[in-house]
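What follows is the content of protein06.csv (CSV, C-alpha atoms).
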chain,number,residue,atom,x,y,z
A,1,MET,CA,125.4,-127.4,45.8
A,2,ASN,CA,128.6,-126.1,44.2
A,3,GLU,CA,128.4,-125.9,40.4
A,4,ALA,CA,131.9,-127.3,39.9
A,5,SER,CA,131.1,-130.4,41.9
A,6,SER,CA,127.4,-130.9,40.9
A,7,CYS,CA,126.3,-133.5,38.5
A,8,ILE,CA,123.1,-135.3,37.3
A,9,LEU,CA,122.2,-138.9,37.9
A,10,GLU,CA,119.6,-140.0,35.4
A,11,ILE,CA,117.6,-143.1,36.1
A,12,ILE,CA,115.9,-144.6,33.1
A,13,ARG,CA,113.1,-147.1,33.3
A,14,PRO,CA,112.2,-148.9,30.0
A,15,SER,CA,108.6,-149.7,29.4
A,16,MET,CA,107.9,-153.3,30.7
A,17,TYR,CA,104.8,-155.3,31.5
A,18,PHE,CA,105.8,-155.9,35.1
A,19,ALA,CA,104.3,-153.2,37.5
A,20,LYS,CA,103.5,-151.1,34.4
A,21,TYR,CA,101.1,-148.8,36.3
A,22,ARG,CA,103.4,-148.4,39.4
A,23,SER,CA,106.4,-146.2,40.1
A,24,TYR,CA,109.7,-147.5,41.3
A,25,PRO,CA,111.0,-145.5,44.3
A,26,ILE,CA,114.7,-144.6,43.9
A,27,PHE,CA,117.1,-144.4,46.8
A,28,VAL,CA,120.5,-142.7,46.8
A,29,ASP,CA,122.7,-143.2,49.8
A,30,GLY,CA,119.8,-144.5,51.9
A,31,GLU,CA,117.4,-141.6,51.2
A,32,LYS,CA,114.4,-141.7,48.8
A,33,VAL,CA,115.1,-139.1,46.0
A,34,GLY,CA,112.0,-139.8,43.9
A,35,SER,CA,110.1,-142.3,41.8
A,36,VAL,CA,110.3,-143.3,38.2
A,37,LYS,CA,107.3,-144.3,36.1
A,38,ASP,CA,107.1,-146.9,33.4
A,39,GLY,CA,108.9,-145.7,30.3
A,40,ALA,CA,110.1,-142.5,32.0
A,41,ALA,CA,113.3,-141.1,33.4
A,42,LEU,CA,114.2,-139.4,36.7
A,43,GLU,CA,117.0,-136.8,37.0
A,44,VAL,CA,118.6,-136.4,40.4
A,45,PRO,CA,121.2,-133.6,41.0
A,46,LEU,CA,124.0,-134.9,43.2
A,47,GLN,CA,127.5,-134.0,44.4
A,48,SER,CA,130.3,-135.7,42.4
A,49,GLY,CA,131.8,-138.8,43.9
A,50,SER,CA,130.5,-142.3,44.9
A,51,HIS,CA,126.9,-143.0,45.6
A,52,ASN,CA,124.9,-146.1,46.5
A,53,VAL,CA,121.7,-146.4,44.4
A,54,TRP,CA,118.9,-148.9,44.5
A,55,SER,CA,115.2,-149.3,43.9
A,56,LYS,CA,112.5,-151.1,45.8
A,57,ILE,CA,108.9,-152.1,45.0
A,58,ASP,CA,106.9,-154.0,47.6
A,59,TRP,CA,109.1,-156.7,49.1
A,60,LYS,CA,111.5,-156.8,46.1
A,61,LYS,CA,114.7,-154.7,46.3
A,62,SER,CA,117.1,-154.3,43.5
A,63,ASN,CA,120.8,-154.8,43.9
A,64,THR,CA,122.7,-151.8,45.3
A,65,ALA,CA,124.9,-150.2,42.6
A,66,GLU,CA,127.9,-148.1,43.6
A,67,ILE,CA,127.9,-145.3,41.1
A,68,ARG,CA,130.9,-143.0,40.6
A,69,ILE,CA,129.9,-139.8,39.0
A,70,GLU,CA,132.1,-137.0,37.8
A,71,ALA,CA,131.5,-133.2,38.2
A,72,GLY,CA,129.6,-131.5,35.4
A,73,LYS,CA,128.5,-134.8,33.8
A,74,THR,CA,125.3,-136.8,33.5
A,75,THR,CA,125.5,-140.4,34.5
A,76,ARG,CA,122.7,-142.7,33.3
A,77,ILE,CA,121.6,-146.0,34.9
A,78,LYS,CA,118.7,-148.2,34.0
A,79,VAL,CA,116.2,-149.7,36.4
A,80,GLY,CA,113.7,-152.5,35.6
A,81,TYR,CA,112.6,-156.0,36.1
A,82,LYS,CA,114.8,-158.8,34.9
A,83,LYS,CA,113.1,-162.0,34.0
A,84,LYS,CA,114.5,-165.1,35.7
A,85,LYS,CA,115.4,-168.0,33.5
A,86,GLY,CA,112.7,-170.1,35.2
A,87,MET,CA,110.0,-167.6,33.9
A,88,LYS,CA,110.3,-169.2,30.5
A,89,LEU,CA,109.0,-172.4,32.0
A,90,LEU,CA,106.0,-170.7,33.7
A,91,LEU,CA,103.7,-170.8,30.7
A,92,PRO,CA,104.3,-174.4,29.7
A,93,VAL,CA,104.0,-175.5,33.3
A,94,ALA,CA,100.8,-173.5,33.8
A,95,LEU,CA,99.3,-175.0,30.5
A,96,GLY,CA,100.3,-178.5,31.6
A,97,LEU,CA,98.6,-178.0,35.0
A,98,VAL,CA,95.5,-176.7,33.2
A,99,ALA,CA,95.5,-179.7,30.9
A,100,ILE,CA,95.8,-182.1,33.9
A,101,VAL,CA,93.0,-180.4,35.8
A,102,ALA,CA,90.8,-180.2,32.6
A,103,GLY,CA,91.5,-183.9,31.9
A,104,ALA,CA,90.8,-184.9,35.4
A,105,THR,CA,87.6,-182.9,35.4
A,106,LEU,CA,86.5,-184.4,32.1
A,107,GLY,CA,87.4,-187.9,33.4
A,108,ILE,CA,85.3,-187.2,36.5
A,109,VAL,CA,82.4,-185.9,34.4
A,110,LEU,CA,82.5,-189.0,32.1
A,111,LEU,CA,82.7,-191.4,35.0
A,112,THR,CA,79.8,-189.7,36.6
A,113,VAL,CA,77.7,-189.8,33.4
A,114,PHE,CA,78.5,-193.5,32.8
A,115,GLY,CA,77.8,-194.2,36.4
A,116,PHE,CA,74.4,-192.7,36.2
A,117,VAL,CA,73.8,-194.5,32.9
A,118,GLY,CA,74.8,-197.7,34.6
A,119,ILE,CA,72.5,-197.1,37.5
A,120,LEU,CA,69.7,-196.3,35.1
A,121,MET,CA,70.3,-199.5,33.1
A,122,ALA,CA,70.3,-201.5,36.3
A,123,ARG,CA,67.0,-200.0,37.4
A,124,VAL,CA,65.4,-200.6,34.0
A,125,GLY,CA,66.2,-204.3,33.8
A,126,ASP,CA,68.7,-206.8,32.6
A,127,LEU,CA,70.0,-206.9,29.1
A,128,PHE,CA,68.8,-210.1,27.3
A,129,LEU,CA,68.7,-211.8,23.9
A,130,GLU,CA,65.8,-214.0,23.1
A,131,GLU,CA,65.0,-216.0,20.0
A,132,GLU,CA,61.8,-215.1,18.3
A,133,THR,CA,59.6,-217.9,17.4
A,134,SER,CA,58.0,-217.9,14.0
A,135,THR,CA,54.7,-219.4,13.2
Rendering of file as structure tokens:
Amino acid sequence: MNEASSCILEIIRPSMYFAKYRSYPIFVDGEKVGSVKDGAALEVPLQSGSHNVWSKIDWKKSNTAEIRIEAGKTTRIKVGYKKKKGMKLLLPVALGLVAIVAGATLGIVLLTVFGFVGILMARVGDLFLEEETST
């Protein structure tokens, strides 16, 4: 690589909870150039000019960024997981489902208990009131 046309592409990955213990593979112009761990950075020496950069983990692929880098300079980009707006609803929906299931379970348990009590009462005899005679 010619010193005059060489440059550094630095890929920064902020620390996040998603895939915390996994590395993100980094691809430049269709070739894997390395991986970046949670909270770390990866420096890739490249020729100056335009390059296509993306990352992929499992079936999720990032957008492809066309990066123009200049000779003798370091260009920094960030890679990470962006929360979707719907993710804010995940916890309330999950809690609601848990409440529904818990309520249904409690209802089934109460119906079962009252059912057994009813069966027991039917077996013991009928409820009655009777006047006591005094002598």
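Atom CA of A:Gly34 sits 15.3 Å away from atom CA of A:Gly80.
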Would you mind reading off the distance between atom CA of A:Arg13 and atom CA of A:Asp58, one decimal, in Å?
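Distance between the two atoms: 17.0 Å.
Shortest atom-to-atom contact with A:Ile67 among A:Val28, A:Asp38, A:Ser55, A:Gly115: A:Val28, counting only C-alpha atoms.
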Task: One-decimal distance in Å that lies between atom CA of A:Tyr17 and atom CA of A:His51 - done: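 Straight-line distance from atom CA of A:His51 to atom CA of A:Tyr17 works out to 29.0 Å.
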Q. Smallest atom-to-atom distance to A:Thr64: which of A:Val36, A:Leu9, A:Val79, A:Ala104, using only C-alpha atoms?
A.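 Selected residue with least distance to A:Thr64: A:Val79.
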query = Which is closer to A:Asp29 than all the others in A:Trp59, A:Ile12, A:Cys7, A:Glu66, using all atoms listed in the file?
reply =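 For A:Asp29, the nearest of the given residues is A:Glu66.
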From the set A:Lys61, A:Ile108, A:Lys78, A:Ile69, which residue has the shortest atom-to-atom contact distance to A:Gly39, counting only C-alpha atoms?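 Closest to A:Gly39, using only C-alpha atoms: A:Lys78.
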